>>> print(open('structure_37.cif').read())   # mmCIF, C-alpha atoms
data_model
loop_
_atom_site.label_atom_id
_atom_site.label_comp_id
_atom_site.auth_asym_id
_atom_site.auth_seq_id
_atom_site.Cartn_x
_atom_site.Cartn_y
_atom_site.Cartn_z
CA MET A 1 -1.36 4.66 -28.01
CA ARG A 2 -2.20 1.28 -29.50
CA LEU A 3 -0.51 -2.04 -29.00
CA ARG A 4 1.33 -3.44 -31.99
CA PRO A 5 -1.15 -5.72 -33.83
CA PHE A 6 -1.24 -9.40 -32.94
CA ALA A 7 -3.59 -12.29 -33.54
CA LEU A 8 -5.49 -13.62 -30.55
CA ALA A 9 -6.43 -17.21 -29.78
CA GLU A 10 -9.07 -17.88 -27.12
CA PRO A 11 -8.95 -21.64 -26.52
CA GLU A 12 -11.68 -23.18 -24.36
CA SER A 13 -9.62 -26.00 -22.86
CA VAL A 14 -6.04 -26.65 -21.77
CA PRO A 15 -5.49 -29.31 -24.48
CA GLU A 16 -6.73 -26.84 -27.09
CA ALA A 17 -4.35 -24.18 -25.77
CA LEU A 18 -1.42 -26.61 -25.82
CA GLU A 19 -2.34 -27.66 -29.36
CA ILE A 20 -2.23 -24.02 -30.49
CA LEU A 21 1.15 -23.50 -28.80
CA ALA A 22 2.50 -26.68 -30.42
CA HIS A 23 1.61 -25.58 -33.95
CA LEU A 24 2.65 -21.98 -34.04
CA ASP A 25 3.96 -19.96 -36.84
CA GLY A 26 6.01 -17.15 -35.29
CA GLU A 27 6.31 -15.93 -31.73
CA ALA A 28 3.50 -16.38 -29.23
CA ARG A 29 2.82 -15.43 -25.64
CA VAL A 30 0.33 -16.88 -23.22
CA ILE A 31 -1.76 -14.15 -21.59
CA ALA A 32 -3.60 -14.49 -18.29
CA GLY A 33 -4.80 -11.23 -16.70
CA GLY A 34 -2.43 -9.13 -18.79
CA THR A 35 -1.45 -6.66 -16.05
CA ALA A 36 2.23 -7.50 -16.59
CA LEU A 37 2.21 -8.52 -20.25
CA VAL A 38 0.23 -5.58 -21.68
CA PRO A 39 2.63 -2.90 -20.36
CA THR A 40 5.49 -5.03 -21.69
CA LEU A 41 3.79 -5.13 -25.10
CA ARG A 42 3.14 -1.40 -24.99
CA LEU A 43 6.79 -0.69 -24.26
CA GLY A 44 7.75 -2.94 -27.18
CA LEU A 45 9.88 -5.19 -24.96
CA VAL A 46 8.14 -8.19 -26.52
CA ALA A 47 6.38 -8.21 -29.88
CA PRO A 48 4.59 -11.53 -30.35
CA ASP A 49 2.63 -12.35 -33.49
CA ARG A 50 -0.02 -14.05 -31.43
CA LEU A 51 -1.38 -14.10 -27.91
CA VAL A 52 -3.02 -17.20 -26.50
CA SER A 53 -5.48 -16.04 -23.83
CA LEU A 54 -6.54 -18.50 -21.14
CA HIS A 55 -9.64 -16.56 -20.09
CA ARG A 56 -12.19 -18.85 -21.71
CA ILE A 57 -10.89 -22.03 -20.12
CA ARG A 58 -13.43 -22.99 -17.48
CA GLY A 59 -11.98 -24.56 -14.38
CA LEU A 60 -8.87 -22.39 -14.36
CA THR A 61 -10.56 -19.95 -11.99
CA GLU A 62 -11.62 -22.64 -9.52
CA VAL A 63 -10.47 -22.56 -5.92
CA HIS A 64 -11.11 -25.57 -3.74
CA VAL A 65 -9.68 -27.59 -0.89
CA LYS A 66 -8.90 -31.21 -1.70
CA LYS A 67 -7.43 -33.67 0.81
CA GLY A 68 -6.43 -30.76 3.01
CA ALA A 69 -4.55 -28.93 0.26
CA LEU A 70 -5.61 -25.73 -1.44
CA GLU A 71 -5.98 -26.13 -5.21
CA LEU A 72 -5.87 -22.84 -7.12
CA GLY A 73 -6.62 -22.55 -10.80
CA ALA A 74 -3.99 -20.48 -12.60
CA MET A 75 -6.54 -17.82 -13.60
CA THR A 76 -7.68 -17.15 -10.04
CA THR A 77 -7.37 -13.41 -9.58
CA LEU A 78 -5.42 -12.00 -6.65
CA ALA A 79 -8.60 -10.23 -5.49
CA ALA A 80 -10.52 -13.52 -5.49
CA LEU A 81 -7.68 -15.15 -3.58
CA ALA A 82 -7.51 -12.36 -1.00
CA ARG A 83 -11.26 -12.47 -0.24
CA HIS A 84 -11.84 -16.25 -0.44
CA SER A 85 -13.06 -17.49 2.93
CA ALA A 86 -11.34 -20.90 2.74
CA VAL A 87 -8.03 -19.27 1.81
CA SER A 88 -8.28 -16.71 4.63
CA ALA A 89 -9.15 -19.47 7.10
CA GLY A 90 -6.55 -22.08 6.15
CA TRP A 91 -3.84 -20.13 4.33
CA PRO A 92 -3.97 -16.63 5.84
CA LEU A 93 -0.40 -15.91 4.73
CA LEU A 94 -1.37 -16.33 1.09
CA ALA A 95 -4.54 -14.24 1.44
CA LEU A 96 -2.51 -11.50 3.13
CA ALA A 97 0.21 -11.43 0.46
CA ALA A 98 -2.27 -11.55 -2.44
CA GLY A 99 -4.17 -8.63 -0.90
CA ARG A 100 -1.00 -6.53 -0.78
CA VAL A 101 -0.29 -6.58 -4.52
CA ALA A 102 -0.57 -3.18 -6.20
CA THR A 103 -4.08 -1.69 -6.11
CA PRO A 104 -7.69 -2.96 -6.24
CA ALA A 105 -7.99 -2.45 -10.00
CA ILE A 106 -4.85 -4.54 -10.59
CA ARG A 107 -5.77 -7.31 -8.14
CA SER A 108 -9.16 -7.68 -9.85
CA THR A 109 -7.39 -8.60 -13.08
CA ALA A 110 -3.96 -10.04 -12.19
CA THR A 111 -3.89 -13.81 -11.67
CA ILE A 112 -1.83 -16.08 -9.45
CA GLY A 113 -0.58 -18.01 -12.49
CA GLY A 114 0.38 -14.82 -14.28
CA ASN A 115 2.14 -13.49 -11.21
CA LEU A 116 4.30 -16.62 -11.00
CA CYS A 117 5.02 -16.83 -14.74
CA TYR A 118 6.05 -13.18 -14.88
CA ALA A 119 8.64 -14.17 -12.27
CA GLU A 120 9.07 -10.67 -10.90
CA ALA A 121 11.62 -10.89 -8.09
CA ALA A 122 9.59 -8.34 -6.12
CA SER A 123 6.40 -10.44 -6.13
CA ASP A 124 4.21 -10.34 -3.03
CA PRO A 125 2.62 -13.81 -3.42
CA ALA A 126 5.88 -15.61 -4.26
CA PRO A 127 7.54 -15.42 -0.82
CA ALA A 128 4.26 -16.54 0.77
CA LEU A 129 4.06 -19.53 -1.58
CA LEU A 130 7.73 -20.32 -0.83
CA CYS A 131 6.88 -20.43 2.88
CA LEU A 132 3.88 -22.65 2.18
CA ASP A 133 5.91 -25.16 0.11
CA ALA A 134 3.50 -24.74 -2.81
CA GLN A 135 3.67 -26.88 -5.92
CA VAL A 136 3.14 -25.50 -9.39
CA ARG A 137 1.15 -27.54 -11.89
CA VAL A 138 2.50 -27.36 -15.42
CA ALA A 139 0.75 -28.92 -18.43
CA ASP A 140 2.66 -29.97 -21.52
CA GLY A 141 1.48 -31.88 -24.58
CA VAL A 142 1.81 -35.21 -22.79
CA GLY A 143 0.40 -34.64 -19.33
CA GLU A 144 1.09 -32.66 -16.22
CA ARG A 145 4.18 -32.22 -14.12
CA VAL A 146 4.46 -30.69 -10.69
CA VAL A 147 7.28 -28.28 -9.87
CA PRO A 148 8.09 -27.39 -6.25
CA ILE A 149 7.90 -23.61 -5.91
CA ALA A 150 11.48 -23.55 -4.62
CA GLU A 151 12.60 -24.87 -8.04
CA PHE A 152 10.18 -22.82 -10.10
CA PHE A 153 12.11 -19.54 -10.34
CA THR A 154 15.26 -20.27 -12.32
CA GLY A 155 16.69 -16.80 -12.99
CA PHE A 156 15.98 -13.13 -13.57
CA TYR A 157 12.41 -13.19 -14.97
CA GLU A 158 12.90 -16.87 -15.81
CA THR A 159 10.94 -19.91 -14.70
CA ALA A 160 10.90 -23.68 -15.10
CA ILE A 161 8.10 -23.36 -17.68
CA ALA A 162 9.35 -24.37 -21.13
CA ALA A 163 8.03 -23.14 -24.48
CA GLY A 164 4.77 -24.89 -25.27
CA GLU A 165 3.87 -25.45 -21.62
CA ILE A 166 1.18 -23.77 -19.53
CA LEU A 167 0.98 -23.19 -15.80
CA THR A 168 -2.49 -24.54 -14.96
CA GLY A 169 -2.62 -24.29 -11.19
CA VAL A 170 -0.97 -24.14 -7.81
CA ARG A 171 -1.32 -26.69 -5.02
CA VAL A 172 -0.72 -25.37 -1.52
CA PRO A 173 -0.40 -27.93 1.27
CA ALA A 174 -1.96 -27.12 4.62
CA PRO A 175 0.45 -25.24 6.88
CA PRO A 176 1.73 -27.25 9.87
CA ASP A 177 -0.60 -27.27 12.89
CA GLY A 178 -0.09 -24.25 15.09
CA ALA A 179 1.98 -22.40 12.50
CA ARG A 180 2.37 -18.66 12.89
CA SER A 181 2.85 -16.74 9.69
CA GLY A 182 3.02 -13.23 8.37
CA TYR A 183 4.05 -11.08 5.46
CA VAL A 184 5.55 -7.63 5.54
CA LYS A 185 5.86 -5.50 2.45
CA PHE A 186 8.22 -2.58 2.72
CA CYS A 187 7.59 0.23 0.23
CA PRO A 188 9.57 3.40 0.94
CA ARG A 189 7.72 5.52 -1.60
CA SER A 190 4.14 4.54 -2.27
CA ALA A 191 1.88 1.79 -0.95
CA GLU A 192 0.94 0.47 -4.39
CA ASP A 193 4.55 -0.11 -5.45
CA LYS A 194 6.20 -3.46 -5.74
CA PRO A 195 7.95 -4.25 -2.46
CA LEU A 196 11.47 -2.89 -2.12
CA VAL A 197 11.79 -5.82 0.26
CA GLY A 198 9.06 -8.36 0.99
CA VAL A 199 9.44 -10.82 3.86
CA ALA A 200 7.19 -13.81 4.52
CA ALA A 201 7.77 -16.12 7.45
CA LEU A 202 6.09 -19.22 8.78
CA PHE A 203 7.17 -21.12 11.86
CA THR A 204 6.06 -23.53 14.55
CA LEU A 205 7.33 -23.79 18.11
CA ASP A 206 7.82 -27.09 19.91
CA ALA A 207 6.69 -27.87 23.47
CA SER A 208 9.75 -26.10 24.91
CA GLN A 209 9.09 -23.00 22.76
CA ARG A 210 11.97 -23.71 20.39
CA VAL A 211 11.60 -23.08 16.68
CA GLU A 212 10.69 -26.31 14.91
CA THR A 213 9.50 -25.80 11.32
CA ILE A 214 10.81 -22.52 9.92
CA ARG A 215 10.46 -21.07 6.46
CA ILE A 216 11.34 -17.57 5.32
CA GLY A 217 10.65 -16.24 1.84
CA LEU A 218 12.11 -13.01 0.52
CA ALA A 219 11.06 -10.82 -2.42
CA GLY A 220 12.98 -8.05 -4.12
CA VAL A 221 16.34 -9.04 -2.68
CA ALA A 222 17.80 -11.30 -5.39
CA PRO A 223 17.25 -12.01 -9.10
CA THR A 224 14.33 -14.26 -8.07
CA PRO A 225 12.14 -14.65 -4.99
CA ILE A 226 14.17 -16.81 -2.59
CA ARG A 227 14.02 -18.92 0.54
CA ALA A 228 16.35 -17.52 3.21
CA ARG A 229 17.86 -20.86 4.15
CA SER A 230 20.77 -19.54 6.23
CA ALA A 231 18.36 -17.44 8.26
CA GLU A 232 16.15 -20.50 8.74
CA GLY A 233 19.22 -22.44 9.92
CA ALA A 234 19.98 -19.73 12.49
CA LEU A 235 16.48 -20.13 13.94
CA ARG A 236 15.86 -23.88 13.84
CA GLY A 237 16.02 -25.45 17.31
CA GLN A 238 16.52 -22.08 19.00
CA SER A 239 14.38 -20.08 21.38
CA LEU A 240 13.20 -17.07 19.44
CA THR A 241 14.87 -14.39 21.53
CA ASP A 242 15.54 -10.88 20.27
CA GLY A 243 19.18 -11.89 19.81
CA VAL A 244 18.31 -14.97 17.74
CA ALA A 245 15.91 -12.91 15.60
CA ARG A 246 18.73 -10.42 15.02
CA GLU A 247 21.15 -13.21 14.04
CA ALA A 248 18.61 -14.65 11.61
CA ALA A 249 18.08 -11.21 10.09
CA GLU A 250 21.85 -10.83 9.69
CA ALA A 251 22.01 -14.22 7.98
CA ALA A 252 19.16 -13.24 5.62
CA ALA A 253 20.90 -9.99 4.73
CA ALA A 254 24.14 -11.90 4.08
CA GLU A 255 22.58 -14.54 1.82
CA ALA A 256 20.55 -12.05 -0.24
CA GLU A 257 21.90 -10.87 -3.59
CA PRO A 258 20.13 -7.53 -3.94
CA LEU A 259 20.24 -5.44 -7.08
CA SER A 260 20.27 -1.66 -7.29
CA ASP A 261 17.47 -0.04 -9.22
CA ILE A 262 15.32 3.09 -9.29
CA MET A 263 13.57 2.05 -6.06
CA GLY A 264 16.69 1.63 -3.99
CA SER A 265 20.33 0.62 -3.86
CA ALA A 266 21.57 -2.87 -3.09
CA GLU A 267 23.00 -1.58 0.22
CA TYR A 268 19.67 -0.09 1.26
CA ARG A 269 17.84 -3.29 0.37
CA ARG A 270 20.28 -5.33 2.44
CA GLU A 271 19.77 -3.02 5.41
CA MET A 272 15.98 -3.27 5.04
CA ILE A 273 16.17 -7.08 5.00
CA ARG A 274 17.98 -6.82 8.33
CA VAL A 275 15.26 -4.58 9.73
CA TRP A 276 12.16 -6.33 8.43
CA VAL A 277 13.17 -9.95 8.96
CA ARG A 278 13.86 -9.13 12.59
CA ARG A 279 10.69 -7.10 13.10
CA LEU A 280 8.50 -9.75 11.46
CA LEU A 281 9.93 -12.58 13.54
CA VAL A 282 9.57 -10.66 16.79
CA ALA A 283 6.03 -9.51 15.95
CA LEU A 284 4.96 -13.09 15.15
CA ARG A 285 6.62 -14.35 18.34
CA ASP A 286 4.77 -11.77 20.42
CA ASP A 287 1.55 -12.17 18.42
CA ARG A 288 1.26 -8.49 17.76
CA PRO A 289 1.07 -6.29 14.63
CA ILE A 290 4.30 -5.47 12.87
CA ALA A 291 5.70 -2.12 14.01
CA MET B 1 -8.21 -10.15 -37.02
CA THR B 2 -11.53 -8.69 -35.84
CA LEU B 3 -13.43 -9.63 -32.69
CA SER B 4 -17.21 -9.62 -32.50
CA LEU B 5 -18.19 -8.62 -28.99
CA ASP B 6 -21.56 -8.63 -27.23
CA PHE B 7 -21.69 -7.22 -23.75
CA THR B 8 -23.63 -4.90 -21.48
CA LEU B 9 -22.38 -1.33 -21.51
CA ASN B 10 -23.77 1.17 -19.04
CA GLY B 11 -26.93 -0.85 -18.59
CA ARG B 12 -27.66 -1.43 -22.26
CA PRO B 13 -26.80 -4.30 -24.62
CA CYS B 14 -23.88 -3.41 -26.85
CA HIS B 15 -22.48 -5.04 -29.95
CA ALA B 16 -19.08 -3.95 -31.17
CA GLU B 17 -16.37 -5.12 -33.49
CA ALA B 18 -12.75 -4.51 -32.58
CA PRO B 19 -9.29 -5.53 -33.74
CA ALA B 20 -7.81 -8.31 -31.59
CA HIS B 21 -5.01 -6.07 -30.32
CA TRP B 22 -7.35 -3.40 -28.94
CA THR B 23 -7.64 -2.90 -25.23
CA LEU B 24 -10.94 -2.14 -23.55
CA LEU B 25 -9.83 1.50 -23.43
CA ASP B 26 -9.29 1.54 -27.22
CA LEU B 27 -12.73 0.02 -27.66
CA LEU B 28 -14.43 2.58 -25.40
CA ARG B 29 -12.71 5.69 -26.73
CA ASP B 30 -12.10 4.90 -30.39
CA GLY B 31 -14.65 2.18 -31.12
CA LEU B 32 -17.58 3.61 -29.17
CA ALA B 33 -16.67 7.31 -28.87
CA LEU B 34 -17.00 7.27 -25.09
CA HIS B 35 -14.29 9.76 -24.20
CA GLY B 36 -14.99 10.00 -20.47
CA THR B 37 -12.51 7.23 -19.76
CA LYS B 38 -9.02 8.68 -20.16
CA PHE B 39 -5.69 7.35 -21.37
CA GLY B 40 -3.04 8.25 -18.83
CA CYS B 41 0.06 6.12 -18.40
CA GLY B 42 -0.92 3.03 -20.40
CA GLU B 43 0.78 0.84 -17.80
CA GLY B 44 -1.93 0.42 -15.18
CA VAL B 45 -0.34 2.80 -12.70
CA CYS B 46 -2.25 6.10 -12.87
CA GLY B 47 -5.83 4.83 -12.65
CA THR B 48 -7.52 7.36 -14.91
CA CYS B 49 -8.71 4.60 -17.28
CA THR B 50 -10.45 2.71 -14.45
CA VAL B 51 -13.87 1.27 -15.33
CA LEU B 52 -15.95 -1.47 -13.73
CA LEU B 53 -16.03 -4.94 -15.30
CA ASP B 54 -18.62 -7.17 -13.64
CA ASP B 55 -18.68 -4.63 -10.78
CA GLU B 56 -14.92 -4.83 -10.13
CA PRO B 57 -12.57 -1.95 -10.93
CA VAL B 58 -10.15 -2.72 -13.77
CA ARG B 59 -7.57 -0.78 -15.73
CA SER B 60 -9.12 -0.56 -19.18
CA CYS B 61 -5.67 0.16 -20.66
CA LEU B 62 -4.51 -3.32 -19.56
CA VAL B 63 -7.60 -5.41 -20.29
CA LEU B 64 -7.89 -6.78 -23.81
CA ALA B 65 -11.17 -5.85 -25.48
CA ALA B 66 -11.76 -9.58 -26.01
CA ARG B 67 -12.31 -9.95 -22.27
CA VAL B 68 -15.60 -8.00 -22.21
CA HIS B 69 -17.60 -10.48 -24.28
CA GLY B 70 -20.62 -11.60 -22.26
CA ARG B 71 -19.79 -9.31 -19.36
CA VAL B 72 -20.96 -6.02 -17.84
CA VAL B 73 -19.02 -2.77 -18.25
CA LEU B 74 -19.71 0.50 -16.44
CA THR B 75 -17.99 3.73 -17.44
CA VAL B 76 -18.38 7.29 -16.16
CA GLU B 77 -20.97 7.87 -18.89
CA GLY B 78 -23.19 5.29 -17.18
CA LEU B 79 -23.22 6.97 -13.78
CA ASP B 80 -25.87 9.61 -14.33
CA ARG B 81 -29.53 8.76 -13.79
CA ASP B 82 -31.85 10.13 -16.46
CA GLY B 83 -29.53 13.05 -16.97
CA GLU B 84 -29.19 13.82 -13.27
CA PRO B 85 -25.73 13.33 -11.77
CA ASP B 86 -25.17 10.27 -9.60
CA PRO B 87 -25.14 11.16 -5.87
CA LEU B 88 -21.43 10.40 -5.87
CA GLN B 89 -20.83 12.92 -8.64
CA SER B 90 -22.85 15.48 -6.69
CA ALA B 91 -20.79 14.76 -3.59
CA PHE B 92 -17.59 15.38 -5.57
CA ALA B 93 -18.99 18.67 -6.86
CA ARG B 94 -20.14 19.82 -3.41
CA ALA B 95 -16.78 19.03 -1.81
CA GLY B 96 -14.78 20.70 -4.59
CA ALA B 97 -13.15 17.34 -5.28
CA VAL B 98 -12.52 18.18 -8.93
CA GLN B 99 -9.77 20.39 -10.26
CA CYS B 100 -8.69 19.66 -13.85
CA GLY B 101 -10.97 16.62 -13.87
CA PHE B 102 -8.69 14.25 -15.76
CA CYS B 103 -8.49 11.72 -12.92
CA THR B 104 -12.15 12.13 -11.91
CA PRO B 105 -13.75 9.37 -14.04
CA GLY B 106 -11.33 6.80 -12.63
CA MET B 107 -11.78 8.13 -9.08
CA LEU B 108 -15.57 7.93 -9.37
CA LEU B 109 -15.51 4.32 -10.53
CA SER B 110 -13.00 3.20 -7.92
CA VAL B 111 -15.19 4.77 -5.23
CA ARG B 112 -18.31 3.27 -6.78
CA ALA B 113 -16.74 -0.21 -6.43
CA LEU B 114 -15.72 0.53 -2.84
CA LEU B 115 -19.19 1.72 -1.80
CA ALA B 116 -20.92 -1.24 -3.46
CA GLY B 117 -19.14 -3.59 -1.06
CA ASN B 118 -18.75 -1.24 1.89
CA PRO B 119 -21.38 1.54 2.07
CA ALA B 120 -19.82 3.15 5.15
CA PRO B 121 -16.03 3.06 4.69
CA ASN B 122 -13.66 4.75 7.10
CA GLU B 123 -10.95 7.10 5.90
CA ALA B 124 -8.29 4.38 5.74
CA GLU B 125 -10.53 2.25 3.56
CA VAL B 126 -11.23 5.17 1.23
CA ARG B 127 -7.52 5.86 0.92
CA GLU B 128 -6.81 2.19 0.22
CA ALA B 129 -9.51 2.07 -2.47
CA LEU B 130 -8.07 5.18 -4.13
CA ALA B 131 -4.40 4.22 -3.77
CA GLY B 132 -4.28 3.49 -7.49
CA ASN B 133 -5.84 6.73 -8.71
CA LEU B 134 -3.29 9.46 -9.11
CA CYS B 135 -4.21 13.16 -9.15
CA ARG B 136 -1.59 15.60 -10.42
CA CYS B 137 -3.51 18.60 -9.08
CA THR B 138 -3.03 16.88 -5.69
CA GLY B 139 -6.69 17.09 -4.81
CA TYR B 140 -6.82 13.96 -2.71
CA THR B 141 -8.04 15.59 0.48
CA LYS B 142 -11.23 16.92 -1.08
CA VAL B 143 -11.86 13.60 -2.82
CA ILE B 144 -11.65 11.72 0.46
CA GLU B 145 -13.89 14.31 2.13
CA ALA B 146 -16.43 13.88 -0.67
CA VAL B 147 -16.55 10.11 -0.25
CA LEU B 148 -16.82 10.27 3.53
CA ALA B 149 -19.54 12.94 3.31
CA MET B 150 -21.50 10.85 0.85
CA ALA B 151 -21.16 7.73 3.01
CA ALA B 152 -22.35 9.73 6.02
CA GLY B 153 -25.38 10.95 4.05
CA ARG B 154 -24.22 14.56 4.06
#
>>> encode(input="structure_37.cif", output="structure tokens")
Amino acid sequence: MRLRPFALAEPESVPEALEILAHLDGEARVIAGGTALVPTLRLGLVAPDRLVSLHRIRGLTEVHVKKGALELGAMTTLAALARHSAVSAGWPLLALAAGRVATPAIRSTATIGGNLCYAEAASDPAPALLCLDAQVRVADGVGERVVPIAEFFTGFYETAIAAGEILTGVRVPAPPDGARSGYVKFCPRSAEDKPLVGVAALFTLDASQRVETIRIGLAGVAPTPIRARSAEGALRGQSLTDGVAREAAEAAAAEAEPLSDIMGSAEYRREMIRVWVRRLLVALRDDRPIA
Amino acid sequence: MTLSLDFTLNGRPCHAEAPAHWTLLDLLRDGLALHGTKFGCGEGVCGTCTVLLDDEPVRSCLVLAARVHGRVVLTVEGLDRDGEPDPLQSAFARAGAVQCGFCTPGMLLSVRALLAGNPAPNEAEVREALAGNLCRCTGYTKVIEAVLAMAAGR
């Protein structure tokens, strides 16, 4: 079964790609790895006249640490991210979440930029990047702007990227010293599924063992990946007792806006938020694997 | 719009021309008449179209043909050595890891990628590597036994 015919542009630089997008005749889509876009094309949900592939742009697959921050090119694959030694050492939460996406043959192809632009609510990397306060680099015809990840997802499969713009990279600041972090992906059916509920958490404890910095990112529980700000509020300044973890999990379940779909009902998702937020917090507190 | 592609296919230089909207799977099956790689779901879920691109497993139904230019592709047709089956293929045969055979090319290439990076995987690692290769005959147990036997030199 073939894809509907389209023309393909393979620019070799970001300015060249932007130039092509600025002078289009008809509908175009930017393609990164294609693991999300190609099935969408095959199903006929989008039917662009032209694809603009970023695969020939050197530099977009670069990963490096600059002034303590991780700089990821948009075309970095999730497999490359998951096995990169500097990422595993300094940003283990991101390496963990990237390594949990789908299956090896998807991670080898899917990119971090594509994952964000697809804006799937049940993304594994998104809640990790929310916890890490990442910044998304967006190029337009004039220059570059930086969008905080918390403002990047604007609606159901919608992002802050406008027509004619390209996501070129992601900047991830170093986590706070002594931060504990983890990601749990709950899939009731099959391990390679999207998460029914994905929970990422990152926190630090002060000298008296009270929660200081706290960030919780959730996937699959609202039209977009979200920060669980009420749950964070329930934890900040508190000792992380079982009771406080339970209250935070309740708050997360209350602030979520889950949808029902083929994977599970809204009620079930809300219940699983309750379970997995609590279990993740307690496991990180006790420095043990998640039950 | 036609692409002119030069790449390495199963150890040999290959030149091919393909329409811009072809996937790597279209190129292999319809452009090059290599029918070992199967079309299953077309959405990257079932794994039967898995081939190796620069030694990494990819879904050929999701990868645009344009992406192979200058790179190295391995399909099931490239596994045999001078007409003799690859040791992995022999291990599958010995363990009875093949029923209808439709998923087998993708399974073989996923395992090939696993063993290249990890010659002695444990069962959990084998299962993880094969998580994206579905078998509708439900022959997973024998497949996993085949891989573990091969890794153990049996």
>>> resolve_selection(input="structure_37.cif", expression="the PyMOL selection byres ((chain B) within 8 of (chain A))", output="list in words")
Met1, Ala20, His21, Trp22, Asp26, Gly42, Glu43, Gly44, Thr50, Glu56, Pro57, Val58, Arg59, Leu62, Val63, Leu64, Arg67, Ser110, Glu128, Ala129, Ala131 and Gly132 of chain B
>>> write_last_selection(input="structure_37.cif", atoms="C-alpha atoms", output="PDB file, keeping the file's coordinate frame")
ATOM      1  CA  MET B   1      -8.210 -10.150 -37.020  1.00  0.00           C
ATOM      2  CA  ALA B  20      -7.810  -8.310 -31.590  1.00  0.00           C
ATOM      3  CA  HIS B  21      -5.010  -6.070 -30.320  1.00  0.00           C
ATOM      4  CA  TRP B  22      -7.350  -3.400 -28.940  1.00  0.00           C
ATOM      5  CA  ASP B  26      -9.290   1.540 -27.220  1.00  0.00           C
ATOM      6  CA  GLY B  42      -0.920   3.030 -20.400  1.00  0.00           C
ATOM      7  CA  GLU B  43       0.780   0.840 -17.800  1.00  0.00           C
ATOM      8  CA  GLY B  44      -1.930   0.420 -15.180  1.00  0.00           C
ATOM      9  CA  THR B  50     -10.450   2.710 -14.450  1.00  0.00           C
ATOM     10  CA  GLU B  56     -14.920  -4.830 -10.130  1.00  0.00           C
ATOM     11  CA  PRO B  57     -12.570  -1.950 -10.930  1.00  0.00           C
ATOM     12  CA  VAL B  58     -10.150  -2.720 -13.770  1.00  0.00           C
ATOM     13  CA  ARG B  59      -7.570  -0.780 -15.730  1.00  0.00           C
ATOM     14  CA  LEU B  62      -4.510  -3.320 -19.560  1.00  0.00           C
ATOM     15  CA  VAL B  63      -7.600  -5.410 -20.290  1.00  0.00           C
ATOM     16  CA  LEU B  64      -7.890  -6.780 -23.810  1.00  0.00           C
ATOM     17  CA  ARG B  67     -12.310  -9.950 -22.270  1.00  0.00           C
ATOM     18  CA  SER B 110     -13.000   3.200  -7.920  1.00  0.00           C
ATOM     19  CA  GLU B 128      -6.810   2.190   0.220  1.00  0.00           C
ATOM     20  CA  ALA B 129      -9.510   2.070  -2.470  1.00  0.00           C
ATOM     21  CA  ALA B 131      -4.400   4.220  -3.770  1.00  0.00           C
ATOM     22  CA  GLY B 132      -4.280   3.490  -7.490  1.00  0.00           C
TER      23      GLY B 132
END
>>> resolve_selection(input="structure_37.cif", expression="the PyMOL selection byres ((chain A and resi 154) around 12)", output="ChimeraX atom specification")
/A:116-121,147-153,155-162,222-226
>>> residues_near_point(input="structure_37.cif", point="(10.7, -12.5, 15.5)", cutoff="9 Å", atoms="all atoms listed in the file", output="PDB file with C-alpha atoms, keeping the file's coordinate frame")
ATOM      1  CA  LEU A 240      13.200 -17.070  19.440  1.00  0.00           C
ATOM      2  CA  THR A 241      14.870 -14.390  21.530  1.00  0.00           C
ATOM      3  CA  ASP A 242      15.540 -10.880  20.270  1.00  0.00           C
ATOM      4  CA  VAL A 244      18.310 -14.970  17.740  1.00  0.00           C
ATOM      5  CA  ALA A 245      15.910 -12.910  15.600  1.00  0.00           C
ATOM      6  CA  ARG A 246      18.730 -10.420  15.020  1.00  0.00           C
ATOM      7  CA  VAL A 277      13.170  -9.950   8.960  1.00  0.00           C
ATOM      8  CA  ARG A 278      13.860  -9.130  12.590  1.00  0.00           C
ATOM      9  CA  ARG A 279      10.690  -7.100  13.100  1.00  0.00           C
ATOM     10  CA  LEU A 280       8.500  -9.750  11.460  1.00  0.00           C
ATOM     11  CA  LEU A 281       9.930 -12.580  13.540  1.00  0.00           C
ATOM     12  CA  VAL A 282       9.570 -10.660  16.790  1.00  0.00           C
ATOM     13  CA  ALA A 283       6.030  -9.510  15.950  1.00  0.00           C
ATOM     14  CA  LEU A 284       4.960 -13.090  15.150  1.00  0.00           C
ATOM     15  CA  ARG A 285       6.620 -14.350  18.340  1.00  0.00           C
ATOM     16  CA  ASP A 286       4.770 -11.770  20.420  1.00  0.00           C
TER      17      ASP A 286
END
>>> atom_distance(input="structure_37.cif", atom1="CA of Thr76 (chain A)", atom2="CA of Pro13 (chain B)")
27.3 Å
>>> resolve_selection(input="structure_37.cif", expression="the PyMOL selection byres ((chain A and resi 233) around 12)", output="ChimeraX atom specification")
/A:211-216,227-232,234-238,244-245,247-252,255
>>> atom_distance(input="structure_37.cif", atom1="CA of Asp287 (chain A)", atom2="CA of Gln209 (chain A)")
13.9 Å
>>> residues_near_point(input="structure_37.cif", point="(2.8, -15.5, -26.5)", cutoff="8 Å", atoms="all atoms listed in the file", output="list of chain:residue names")
A:Glu27, A:Ala28, A:Arg29, A:Val30, A:Ile31, A:Pro48, A:Asp49, A:Arg50, A:Leu51, A:Val52
>>> residues_around(input="structure_37.cif", residues="region 139-143 of chain A", least_positions_apart="3", cutoff="7 Å", atoms="all atoms listed in the file", output="ChimeraX atom specification")
/A:18,164-168
